[in-house]
file query.cif (mmCIF, C-alpha atoms)
data_upload
#
loop_
_atom_site.label_atom_id
_atom_site.label_comp_id
_atom_site.auth_asym_id
_atom_site.auth_seq_id
_atom_site.Cartn_x
_atom_site.Cartn_y
_atom_site.Cartn_z
CA MET A 211 16.73 -21.62 -3.86
CA LYS A 212 20.46 -21.90 -3.21
CA LEU A 213 20.03 -20.13 0.07
CA ASP A 214 21.76 -22.91 2.01
CA ALA A 215 24.92 -22.25 0.01
CA LYS A 216 26.27 -19.84 2.56
CA THR A 217 29.44 -17.92 2.00
CA SER A 218 32.60 -18.37 4.06
CA ASP A 219 31.20 -15.81 6.53
CA MET A 220 28.60 -18.34 7.55
CA GLU A 221 30.66 -21.52 7.16
CA ALA A 222 33.37 -20.25 9.47
CA THR A 223 30.90 -19.71 12.28
CA GLY A 224 28.74 -22.79 11.99
CA GLY A 225 25.81 -20.86 10.51
CA PHE A 226 26.26 -17.73 12.58
CA GLU A 227 27.18 -14.43 10.96
CA LYS A 228 29.92 -12.26 12.45
CA SER A 229 30.11 -8.52 12.69
CA GLU A 230 33.22 -6.66 11.52
CA LYS A 231 34.56 -6.77 15.09
CA GLY A 232 34.22 -10.54 15.22
CA ASN A 233 31.29 -10.65 17.64
CA LYS A 234 28.77 -13.41 17.02
CA ARG A 235 25.35 -12.47 15.74
CA SER A 236 22.26 -14.57 16.11
CA ARG A 237 21.52 -17.13 13.41
CA VAL A 238 19.64 -15.74 10.41
CA SER A 239 18.33 -18.28 7.92
CA GLY A 240 18.67 -17.88 4.18
CA ILE A 241 14.90 -17.55 3.86
CA ASP A 242 14.87 -14.76 6.46
CA ARG A 243 17.65 -12.93 4.59
CA ALA A 244 15.77 -13.29 1.30
CA LEU A 245 12.66 -11.84 2.90
CA GLN A 246 14.70 -8.95 4.33
CA VAL A 247 15.94 -8.15 0.84
CA LEU A 248 12.44 -8.29 -0.65
CA ASP A 249 10.96 -6.27 2.22
CA TYR A 250 13.64 -3.60 1.87
CA LEU A 251 12.91 -3.14 -1.83
CA TYR A 252 9.17 -3.12 -1.18
CA GLU A 253 9.45 -0.52 1.59
CA THR A 254 11.77 1.81 -0.34
CA GLY A 255 9.77 1.44 -3.53
CA SER A 256 12.73 1.68 -5.90
CA PRO A 257 15.65 -0.41 -7.22
CA ALA A 258 18.78 -0.58 -5.06
CA GLY A 259 22.35 -1.79 -5.26
CA VAL A 260 23.67 -4.80 -3.37
CA TYR A 261 25.83 -2.67 -1.06
CA ALA A 262 22.90 -0.44 -0.06
CA ILE A 263 20.73 -3.48 0.64
CA ALA A 264 23.41 -5.22 2.71
CA LYS A 265 23.98 -2.08 4.77
CA ALA A 266 20.24 -1.52 5.31
CA ILE A 267 19.49 -5.06 6.50
CA GLY A 268 22.74 -5.45 8.45
CA ALA A 269 24.03 -8.49 6.58
CA PRO A 270 27.51 -9.35 5.26
CA LEU A 271 27.98 -8.13 1.71
CA SER A 272 29.13 -11.55 0.52
CA THR A 273 26.01 -13.20 1.95
CA VAL A 274 23.72 -10.69 0.26
CA TYR A 275 25.52 -11.20 -3.07
CA VAL A 276 24.79 -14.94 -2.92
CA ILE A 277 21.14 -14.45 -1.97
CA ILE A 278 20.50 -11.78 -4.59
CA ASP A 279 22.15 -13.81 -7.35
CA ASP A 280 19.89 -16.73 -6.52
CA LEU A 281 16.76 -14.57 -6.36
CA VAL A 282 17.62 -13.08 -9.76
CA GLU A 283 18.17 -16.56 -11.17
CA LYS A 284 14.74 -17.62 -9.90
CA ASN A 285 13.12 -14.47 -11.37
CA LEU A 286 12.11 -13.24 -7.91
CA LEU A 287 14.35 -10.24 -8.52
CA SER A 288 15.39 -8.54 -11.75
CA ARG A 289 18.78 -6.91 -12.34
CA ASN A 290 18.98 -3.56 -14.15
CA SER A 291 21.75 -2.39 -16.48
CA ASP A 292 23.36 -0.43 -13.62
CA SER A 293 23.49 -3.64 -11.50
CA SER A 294 20.74 -2.45 -9.16
CA VAL A 295 17.98 -4.96 -8.44
CA TRP A 296 14.20 -4.73 -8.27
CA LEU A 297 11.27 -7.04 -7.60
CA GLY A 298 10.91 -9.73 -10.25
CA ALA A 299 8.03 -10.83 -12.45
CA ARG A 300 7.55 -14.07 -10.53
CA LEU A 301 6.36 -12.09 -7.50
CA TYR A 302 3.73 -10.41 -9.66
CA HIS A 303 2.34 -13.78 -10.70
CA TYR A 304 2.25 -14.90 -7.09
CA GLY A 305 0.38 -11.71 -6.20
CA LEU A 306 -2.19 -12.29 -8.92
CA ALA A 307 -2.79 -15.84 -7.73
CA TYR A 308 -3.19 -14.64 -4.14
CA ALA A 309 -5.59 -11.88 -5.20
CA ARG A 310 -7.75 -14.39 -7.08
CA SER A 311 -8.10 -16.42 -3.90
CA LEU A 312 -9.57 -13.55 -1.90
CA ASP A 313 -13.34 -13.25 -2.07
CA PHE A 314 -13.20 -9.65 -0.93
CA LEU A 315 -10.98 -8.48 -3.76
CA ASN A 316 -13.12 -10.33 -6.29
CA VAL A 317 -16.26 -8.63 -5.00
CA ALA A 318 -14.56 -5.23 -4.72
CA ASN A 319 -13.05 -5.53 -8.19
CA HIS A 320 -16.48 -6.21 -9.73
CA GLU A 321 -18.03 -3.23 -7.94
CA MET A 322 -15.06 -1.02 -8.81
CA HIS A 323 -15.55 -1.58 -12.55
CA ASN A 324 -19.30 -1.09 -12.20
CA LEU A 325 -18.80 2.24 -10.42
CA SER A 326 -16.32 3.36 -13.07
CA ARG A 327 -18.92 2.73 -15.78
CA VAL A 328 -21.67 4.50 -13.86
CA SER A 329 -19.59 7.53 -12.84
CA GLY A 330 -17.50 7.74 -16.00
CA GLU A 331 -14.43 8.28 -13.82
CA THR A 332 -11.41 6.39 -12.53
CA VAL A 333 -12.17 4.26 -9.47
CA GLN A 334 -9.74 2.77 -6.98
CA VAL A 335 -9.91 0.29 -4.13
CA CYS A 336 -7.38 1.20 -1.45
CA GLY A 337 -6.09 -0.35 1.76
CA ARG A 338 -3.75 0.51 4.59
CA ASP A 339 -0.09 -0.48 4.62
CA GLY A 340 1.30 0.72 7.95
CA ASP A 341 1.69 4.50 7.78
CA HIS A 342 0.59 4.57 4.15
CA MET A 343 -2.47 4.16 2.00
CA MET A 344 -1.92 1.76 -0.89
CA VAL A 345 -3.85 1.38 -4.15
CA LEU A 346 -4.98 -2.27 -4.30
CA ALA A 347 -6.97 -2.19 -7.54
CA MET A 348 -7.94 0.36 -10.15
CA ALA A 349 -10.35 0.83 -13.05
CA ASP A 350 -9.45 3.62 -15.46
CA GLY A 351 -12.20 5.99 -16.52
CA PRO A 352 -13.07 6.35 -20.21
CA GLY A 353 -11.96 9.98 -20.47
CA HIS A 354 -8.57 11.60 -21.00
CA PHE A 355 -8.07 12.54 -17.35
CA GLN A 356 -4.84 10.90 -16.19
CA VAL A 357 -4.40 9.64 -12.63
CA THR A 358 -0.78 9.39 -11.48
CA SER A 359 -1.40 6.87 -8.70
CA ARG A 360 -1.51 3.31 -10.01
CA VAL A 361 -1.90 -0.12 -8.40
CA GLY A 362 0.81 -0.46 -5.76
CA THR A 363 1.21 3.27 -5.19
CA ARG A 364 1.74 4.10 -1.50
CA VAL A 365 1.24 7.59 -0.05
CA PRO A 366 1.10 8.92 3.53
CA LEU A 367 -2.27 8.42 5.21
CA ASN A 368 -2.86 12.14 5.73
CA TRP A 369 -2.69 12.97 2.02
CA THR A 370 -5.84 11.18 0.94
CA ALA A 371 -9.53 10.82 1.62
CA SER A 372 -9.08 7.05 1.84
CA GLY A 373 -6.18 7.37 4.27
CA ARG A 374 -8.33 9.11 6.85
CA LEU A 375 -11.14 6.58 6.51
CA LEU A 376 -8.78 3.64 6.95
CA VAL A 377 -7.90 4.73 10.49
CA GLY A 378 -11.24 6.24 11.48
CA HIS A 379 -12.26 3.19 13.53
CA LEU A 380 -9.16 3.35 15.75
CA SER A 381 -9.33 4.86 19.22
CA GLU A 382 -8.58 8.56 19.57
CA LYS A 383 -5.23 7.82 21.20
CA GLU A 384 -4.26 5.41 18.43
CA ARG A 385 -5.19 7.96 15.76
CA LEU A 386 -3.26 10.74 17.47
CA ASP A 387 -0.17 8.56 17.96
CA LEU A 388 -0.32 7.44 14.36
CA PHE A 389 -0.68 10.89 12.83
CA GLU A 390 1.97 12.37 15.14
CA HIS A 391 4.64 10.22 13.56
CA CYS A 392 3.33 9.63 10.03
CA ALA A 393 1.72 12.90 8.90
CA LYS A 394 3.84 14.53 6.19
CA SER A 395 3.59 17.59 3.98
CA SER A 396 2.33 16.83 0.48
CA PRO A 397 3.78 18.06 -2.85
CA THR A 398 0.99 20.62 -3.12
CA GLY A 399 1.44 21.83 0.45
CA ARG A 400 -2.31 21.50 1.06
CA ALA A 401 -2.39 18.29 3.07
CA VAL A 402 -3.33 18.71 6.73
CA ILE A 403 -0.53 17.66 9.08
CA ASP A 404 -1.99 18.61 12.48
CA PRO A 405 -2.55 15.29 14.35
CA ALA A 406 -5.55 16.55 16.32
CA VAL A 407 -7.32 17.84 13.22
CA LEU A 408 -6.54 14.67 11.29
CA SER A 409 -7.75 12.45 14.13
CA GLU A 410 -11.05 14.29 14.40
CA SER A 411 -11.64 14.38 10.64
CA ALA A 412 -10.87 10.65 10.38
CA SER A 413 -13.48 9.81 13.00
CA GLN A 414 -16.10 12.10 11.49
CA ALA A 415 -15.45 10.83 7.96
CA LEU A 416 -15.97 7.22 9.02
CA GLN A 417 -19.19 8.08 10.83
CA ALA A 418 -20.47 9.95 7.78
CA ARG A 419 -19.17 7.15 5.51
CA ILE A 420 -17.69 9.72 3.15
CA SER A 421 -14.38 11.52 2.84
CA ILE A 422 -13.40 14.11 0.25
CA GLN A 423 -10.02 15.63 -0.52
CA ALA A 424 -9.20 18.07 -3.29
CA GLY A 425 -5.73 19.12 -4.33
CA GLU A 426 -4.02 17.75 -1.23
CA SER A 427 -1.79 15.16 -2.87
CA ASP A 428 -1.93 16.20 -6.55
CA TYR A 429 -2.74 19.52 -8.17
CA ALA A 430 -6.30 19.80 -9.56
CA VAL A 431 -7.09 16.21 -8.55
CA ALA A 432 -9.89 15.30 -6.16
CA CYS A 433 -10.95 12.07 -4.54
CA VAL A 434 -14.24 11.07 -2.93
CA ALA A 435 -14.06 7.86 -0.90
CA SER A 436 -16.33 5.66 1.17
CA PRO A 437 -15.26 3.03 3.72
CA ILE A 438 -15.66 -0.72 3.31
CA CYS A 439 -16.11 -1.97 6.86
CA ASP A 440 -16.08 -5.54 8.16
CA ASP A 441 -18.65 -7.03 10.53
CA LYS A 442 -16.85 -5.41 13.49
CA GLY A 443 -17.05 -1.93 11.95
CA ALA A 444 -13.33 -1.70 11.15
CA CYS A 445 -12.49 -0.02 7.86
CA ILE A 446 -10.48 -2.65 5.97
CA ALA A 447 -10.49 -0.84 2.62
CA THR A 448 -12.08 2.02 0.71
CA ILE A 449 -13.58 2.53 -2.70
CA SER A 450 -13.03 5.94 -4.23
CA ILE A 451 -13.64 8.01 -7.34
CA VAL A 452 -10.64 10.00 -8.56
CA LEU A 453 -11.57 12.94 -10.77
CA PRO A 454 -10.74 16.54 -11.70
CA GLU A 455 -11.12 18.88 -8.73
CA GLN A 456 -13.64 21.07 -10.54
CA LYS A 457 -16.11 18.20 -11.01
CA ILE A 458 -16.43 17.46 -7.32
CA ALA A 459 -16.84 21.17 -6.64
CA ASP A 460 -19.71 21.38 -9.16
CA HIS A 461 -21.61 18.19 -8.29
CA PRO A 462 -20.45 16.74 -4.96
CA GLU A 463 -23.79 15.07 -4.14
CA ARG A 464 -23.72 12.92 -7.28
CA TYR A 465 -20.33 11.38 -6.60
CA THR A 466 -20.81 10.96 -2.86
CA ALA A 467 -24.07 9.08 -3.40
CA GLU A 468 -22.54 6.78 -6.01
CA VAL A 469 -19.44 5.86 -4.02
CA LYS A 470 -21.38 5.29 -0.78
CA ALA A 471 -23.79 2.98 -2.59
CA SER A 472 -20.88 0.98 -4.01
CA ALA A 473 -19.24 0.55 -0.60
CA GLU A 474 -22.54 -0.61 0.89
CA ARG A 475 -23.05 -3.16 -1.89
CA ILE A 476 -19.61 -4.66 -1.24
CA GLU A 477 -20.36 -4.93 2.47
CA THR A 478 -23.74 -6.50 1.74
CA VAL A 479 -22.29 -9.15 -0.56
CA MET A 480 -19.59 -9.95 2.02
CA GLY A 481 -22.19 -10.18 4.80
CA TRP A 482 -20.71 -7.27 6.76
CA ARG A 483 -23.63 -4.87 6.93
CA SER A 484 -24.53 -5.94 10.47
CA HIS A 485 -22.10 -3.36 11.88
CA SER A 486 -24.36 -0.51 10.74
#
call {"tool": "encode", "arguments": {"input": "query.cif", "output": "structure tokens"}}
result
Amino acid sequence: MKLDAKTSDMEATGGFEKSEKGNKRSRVSGIDRALQVLDYLYETGSPAGVYAIAKAIGAPLSTVYVIIDDLVEKNLLSRNSDSSVWLGARLYHYGLAYARSLDFLNVANHEMHNLSRVSGETVQVCGRDGDHMMVLAMADGPGHFQVTSRVGTRVPLNWTASGRLLVGHLSEKERLDLFEHCAKSSPTGRAVIDPAVLSESASQALQARISIQAGESDYAVACVASPICDDKGACIATISIVLPEQKIADHPERYTAEVKASAERIETVMGWRSHS
């Protein structure tokens, strides 16, 4: 990268950036600034202009211009017709290579596709990303039912069955603190936002190894999820079946049994079943 090619803002201060009032700021390396740009785009989940990025990360506009130009040149960012920038294709290839190196994702991906064939429905493997649940992998079902959440989708923890499971192993205080600041109303208005209720349901769902939500995040869409727990009993991910709400209402026992069995097989292959 050309990240050492600092603008005059940096050269004039010996590598230190100055605020508008002329006060010295602490040294921020080019790599750190590049990561701040990438993190900002990742967290917001949408393209942004250079000015908005500079303001958000607290960096001089000229510095951010240099960094973004270099990231675009290296295909780590892509520039849209309106001059906004977004994550580039090179990052996707890095992500694929990283995913291939993880035994867990390989095992989970195999079981995910197997469960999709058995259930005839869309199956997802999800993990936690701070205050959000994120779709890590997905196998589309053979039918015409369309699922709006795709790989990389992030939604508040309280909207989904998986979100509750992912924090079920935390202490009661940790769960309450978490839900007090991250619980949000969903588009359907059916998602629970009461921290105490969410905390209790998260704990109970993990103990039962099953969590079901219907119509909380999307209209007429249900999800039945089971936790994938490590050898310490912490829920590191979930596997879930996403299907029309009516199906889970008609035959809940079928889908709960299938998804629980899949989660247990993943734990067994990974050598994590000792926690149970």
call {"tool": "residues_around", "arguments": {"input": "query.cif", "residues": "range 291-302 of chain A", "least_positions_apart": "3", "cutoff": "6 Å", "atoms": "all atoms listed in the file", "output": "ChimeraX atom specification"}}
result
/A:257-259,285-288,305
call {"tool": "residues_around", "arguments": {"input": "query.cif", "residues": "Thr332 in chain A", "least_positions_apart": "4", "cutoff": "8 Å", "atoms": "all atoms listed in the file", "output": "PDB file with C-alpha atoms, in the frame of the given file"}}
result
ATOM      1  CA  SER A 326     -16.320   3.360 -13.070  1.00  0.00           C
ATOM      2  CA  MET A 348      -7.940   0.360 -10.150  1.00  0.00           C
ATOM      3  CA  ALA A 349     -10.350   0.830 -13.050  1.00  0.00           C
ATOM      4  CA  ASP A 350      -9.450   3.620 -15.460  1.00  0.00           C
ATOM      5  CA  GLY A 351     -12.200   5.990 -16.520  1.00  0.00           C
ATOM      6  CA  PRO A 352     -13.070   6.350 -20.210  1.00  0.00           C
ATOM      7  CA  VAL A 357      -4.400   9.640 -12.630  1.00  0.00           C
ATOM      8  CA  ILE A 451     -13.640   8.010  -7.340  1.00  0.00           C
ATOM      9  CA  VAL A 452     -10.640  10.000  -8.560  1.00  0.00           C
ATOM     10  CA  LEU A 453     -11.570  12.940 -10.770  1.00  0.00           C
TER      11      LEU A 453
END
call {"tool": "residues_near_point", "arguments": {"input": "query.cif", "point": "(-19.9, -4.1, -9.7)", "cutoff": "12 Å", "atoms": "only C-alpha atoms", "output": "mmCIF file with C-alpha atoms, in the coordinates of the input"}}
result
data_model
loop_
_atom_site.group_PDB
_atom_site.id
_atom_site.type_symbol
_atom_site.label_atom_id
_atom_site.label_comp_id
_atom_site.auth_asym_id
_atom_site.auth_seq_id
_atom_site.Cartn_x
_atom_site.Cartn_y
_atom_site.Cartn_z
ATOM 1 C CA LEU A 315 -10.980 -8.480 -3.760
ATOM 2 C CA ASN A 316 -13.120 -10.330 -6.290
ATOM 3 C CA VAL A 317 -16.260 -8.630 -5.000
ATOM 4 C CA ALA A 318 -14.560 -5.230 -4.720
ATOM 5 C CA ASN A 319 -13.050 -5.530 -8.190
ATOM 6 C CA HIS A 320 -16.480 -6.210 -9.730
ATOM 7 C CA GLU A 321 -18.030 -3.230 -7.940
ATOM 8 C CA MET A 322 -15.060 -1.020 -8.810
ATOM 9 C CA HIS A 323 -15.550 -1.580 -12.550
ATOM 10 C CA ASN A 324 -19.300 -1.090 -12.200
ATOM 11 C CA LEU A 325 -18.800 2.240 -10.420
ATOM 12 C CA SER A 326 -16.320 3.360 -13.070
ATOM 13 C CA ARG A 327 -18.920 2.730 -15.780
ATOM 14 C CA VAL A 328 -21.670 4.500 -13.860
ATOM 15 C CA VAL A 333 -12.170 4.260 -9.470
ATOM 16 C CA ALA A 349 -10.350 0.830 -13.050
ATOM 17 C CA ILE A 449 -13.580 2.530 -2.700
ATOM 18 C CA GLU A 468 -22.540 6.780 -6.010
ATOM 19 C CA VAL A 469 -19.440 5.860 -4.020
ATOM 20 C CA ALA A 471 -23.790 2.980 -2.590
ATOM 21 C CA SER A 472 -20.880 0.980 -4.010
ATOM 22 C CA ALA A 473 -19.240 0.550 -0.600
ATOM 23 C CA GLU A 474 -22.540 -0.610 0.890
ATOM 24 C CA ARG A 475 -23.050 -3.160 -1.890
ATOM 25 C CA ILE A 476 -19.610 -4.660 -1.240
ATOM 26 C CA VAL A 479 -22.290 -9.150 -0.560
#
call {"tool": "resolve_selection", "arguments": {"input": "query.cif", "expression": "the PyMOL selection byres ((chain A and resi 371-378) around 7)", "output": "VMD selection string"}}
result
chain A and resid 336 338 343 367 to 370 379 to 380 385 412 to 413 415 to 416 421 to 423 433 to 435 437 445 to 448
call {"tool": "atom_distance", "arguments": {"input": "query.cif", "atom1": "CA of Phe314 in chain A", "atom2": "CA of Glu477 in chain A"}}
result
9.2 Å
call {"tool": "atom_distance", "arguments": {"input": "query.cif", "atom1": "CA of Val345 in chain A", "atom2": "CA of Arg364 in chain A"}}
result
6.8 Å
call {"tool": "closest_residue", "arguments": {"input": "query.cif", "among": "A:Ala444, A:Gly399, A:Ala418, A:Gly337", "to": "Ser381 in chain A", "atoms": "only C-alpha atoms"}}
result
A:Ala444
call {"tool": "decode", "arguments": {"input": "query.cif", "residues": "range 370-440 of chain A", "atoms": "C-alpha atoms", "output": "mmCIF file, in the first residue's frame"}}
result
data_model
loop_
_atom_site.group_PDB
_atom_site.id
_atom_site.type_symbol
_atom_site.label_atom_id
_atom_site.label_comp_id
_atom_site.auth_asym_id
_atom_site.auth_seq_id
_atom_site.Cartn_x
_atom_site.Cartn_y
_atom_site.Cartn_z
ATOM 1 C CA THR A 370 -33.965 -13.851 16.211
ATOM 2 C CA ALA A 371 -34.038 -17.298 17.726
ATOM 3 C CA SER A 372 -30.294 -17.591 17.126
ATOM 4 C CA GLY A 373 -29.599 -14.237 18.771
ATOM 5 C CA ARG A 374 -31.029 -15.383 22.081
ATOM 6 C CA LEU A 375 -29.104 -18.662 22.008
ATOM 7 C CA LEU A 376 -25.818 -16.910 21.293
ATOM 8 C CA VAL A 377 -25.925 -15.094 24.638
ATOM 9 C CA GLY A 378 -27.671 -17.758 26.692
ATOM 10 C CA HIS A 379 -24.438 -18.915 28.343
ATOM 11 C CA LEU A 380 -23.607 -15.450 29.703
ATOM 12 C CA SER A 381 -24.304 -14.560 33.318
ATOM 13 C CA GLU A 382 -27.667 -13.020 34.129
ATOM 14 C CA LYS A 383 -26.073 -9.617 34.703
ATOM 15 C CA GLU A 384 -24.229 -9.777 31.386
ATOM 16 C CA ARG A 385 -27.424 -10.714 29.550
ATOM 17 C CA LEU A 386 -29.410 -7.936 31.196
ATOM 18 C CA ASP A 387 -26.733 -5.327 30.490
ATOM 19 C CA LEU A 388 -26.490 -6.469 26.903
ATOM 20 C CA PHE A 389 -30.209 -6.430 26.164
ATOM 21 C CA GLU A 390 -30.701 -3.107 27.967
ATOM 22 C CA HIS A 391 -28.574 -1.330 25.393
ATOM 23 C CA CYS A 392 -29.003 -3.463 22.261
ATOM 24 C CA ALA A 393 -32.657 -4.576 22.188
ATOM 25 C CA LYS A 394 -34.498 -2.796 19.377
ATOM 26 C CA SER A 395 -37.978 -2.876 17.898
ATOM 27 C CA SER A 396 -38.237 -4.990 14.754
ATOM 28 C CA PRO A 397 -39.943 -4.059 11.447
ATOM 29 C CA THR A 398 -42.905 -6.265 12.355
ATOM 30 C CA GLY A 399 -43.192 -4.817 15.861
ATOM 31 C CA ARG A 400 -43.316 -8.344 17.319
ATOM 32 C CA ALA A 401 -39.786 -8.645 18.663
ATOM 33 C CA VAL A 402 -39.512 -8.670 22.458
ATOM 34 C CA ILE A 403 -37.540 -5.707 23.799
ATOM 35 C CA ASP A 404 -37.917 -6.186 27.564
ATOM 36 C CA PRO A 405 -34.383 -7.001 28.879
ATOM 37 C CA ALA A 406 -35.615 -9.192 31.739
ATOM 38 C CA VAL A 407 -37.833 -11.280 29.474
ATOM 39 C CA LEU A 408 -35.099 -11.595 26.869
ATOM 40 C CA SER A 409 -32.506 -12.592 29.459
ATOM 41 C CA GLU A 410 -34.732 -15.315 30.890
ATOM 42 C CA SER A 411 -35.757 -16.663 27.480
ATOM 43 C CA ALA A 412 -32.111 -16.743 26.359
ATOM 44 C CA SER A 413 -31.114 -18.842 29.351
ATOM 45 C CA GLN A 414 -34.066 -21.201 28.993
ATOM 46 C CA ALA A 415 -33.531 -21.597 25.241
ATOM 47 C CA LEU A 416 -29.905 -22.611 25.720
ATOM 48 C CA GLN A 417 -30.820 -25.116 28.404
ATOM 49 C CA ALA A 418 -33.511 -26.612 26.171
ATOM 50 C CA ARG A 419 -31.126 -26.429 23.173
ATOM 51 C CA ILE A 420 -33.896 -24.998 21.026
ATOM 52 C CA SER A 421 -35.193 -21.529 20.226
ATOM 53 C CA ILE A 422 -38.109 -20.617 17.988
ATOM 54 C CA GLN A 423 -39.219 -17.246 16.684
ATOM 55 C CA ALA A 424 -42.070 -16.558 14.295
ATOM 56 C CA GLY A 425 -42.775 -13.246 12.623
ATOM 57 C CA GLU A 426 -40.491 -11.228 14.893
ATOM 58 C CA SER A 427 -38.020 -9.980 12.293
ATOM 59 C CA ASP A 428 -39.879 -10.688 9.023
ATOM 60 C CA TYR A 429 -43.558 -11.129 8.291
ATOM 61 C CA ALA A 430 -44.696 -14.765 7.916
ATOM 62 C CA VAL A 431 -41.135 -16.039 8.427
ATOM 63 C CA ALA A 432 -40.154 -18.394 11.231
ATOM 64 C CA CYS A 433 -36.846 -19.722 12.453
ATOM 65 C CA VAL A 434 -36.033 -22.721 14.629
ATOM 66 C CA ALA A 435 -32.463 -22.770 15.925
ATOM 67 C CA SER A 436 -30.233 -24.948 18.060
ATOM 68 C CA PRO A 437 -26.958 -23.917 19.735
ATOM 69 C CA ILE A 438 -23.506 -25.152 18.764
ATOM 70 C CA CYS A 439 -21.574 -25.074 22.027
ATOM 71 C CA ASP A 440 -17.841 -25.504 22.605
#
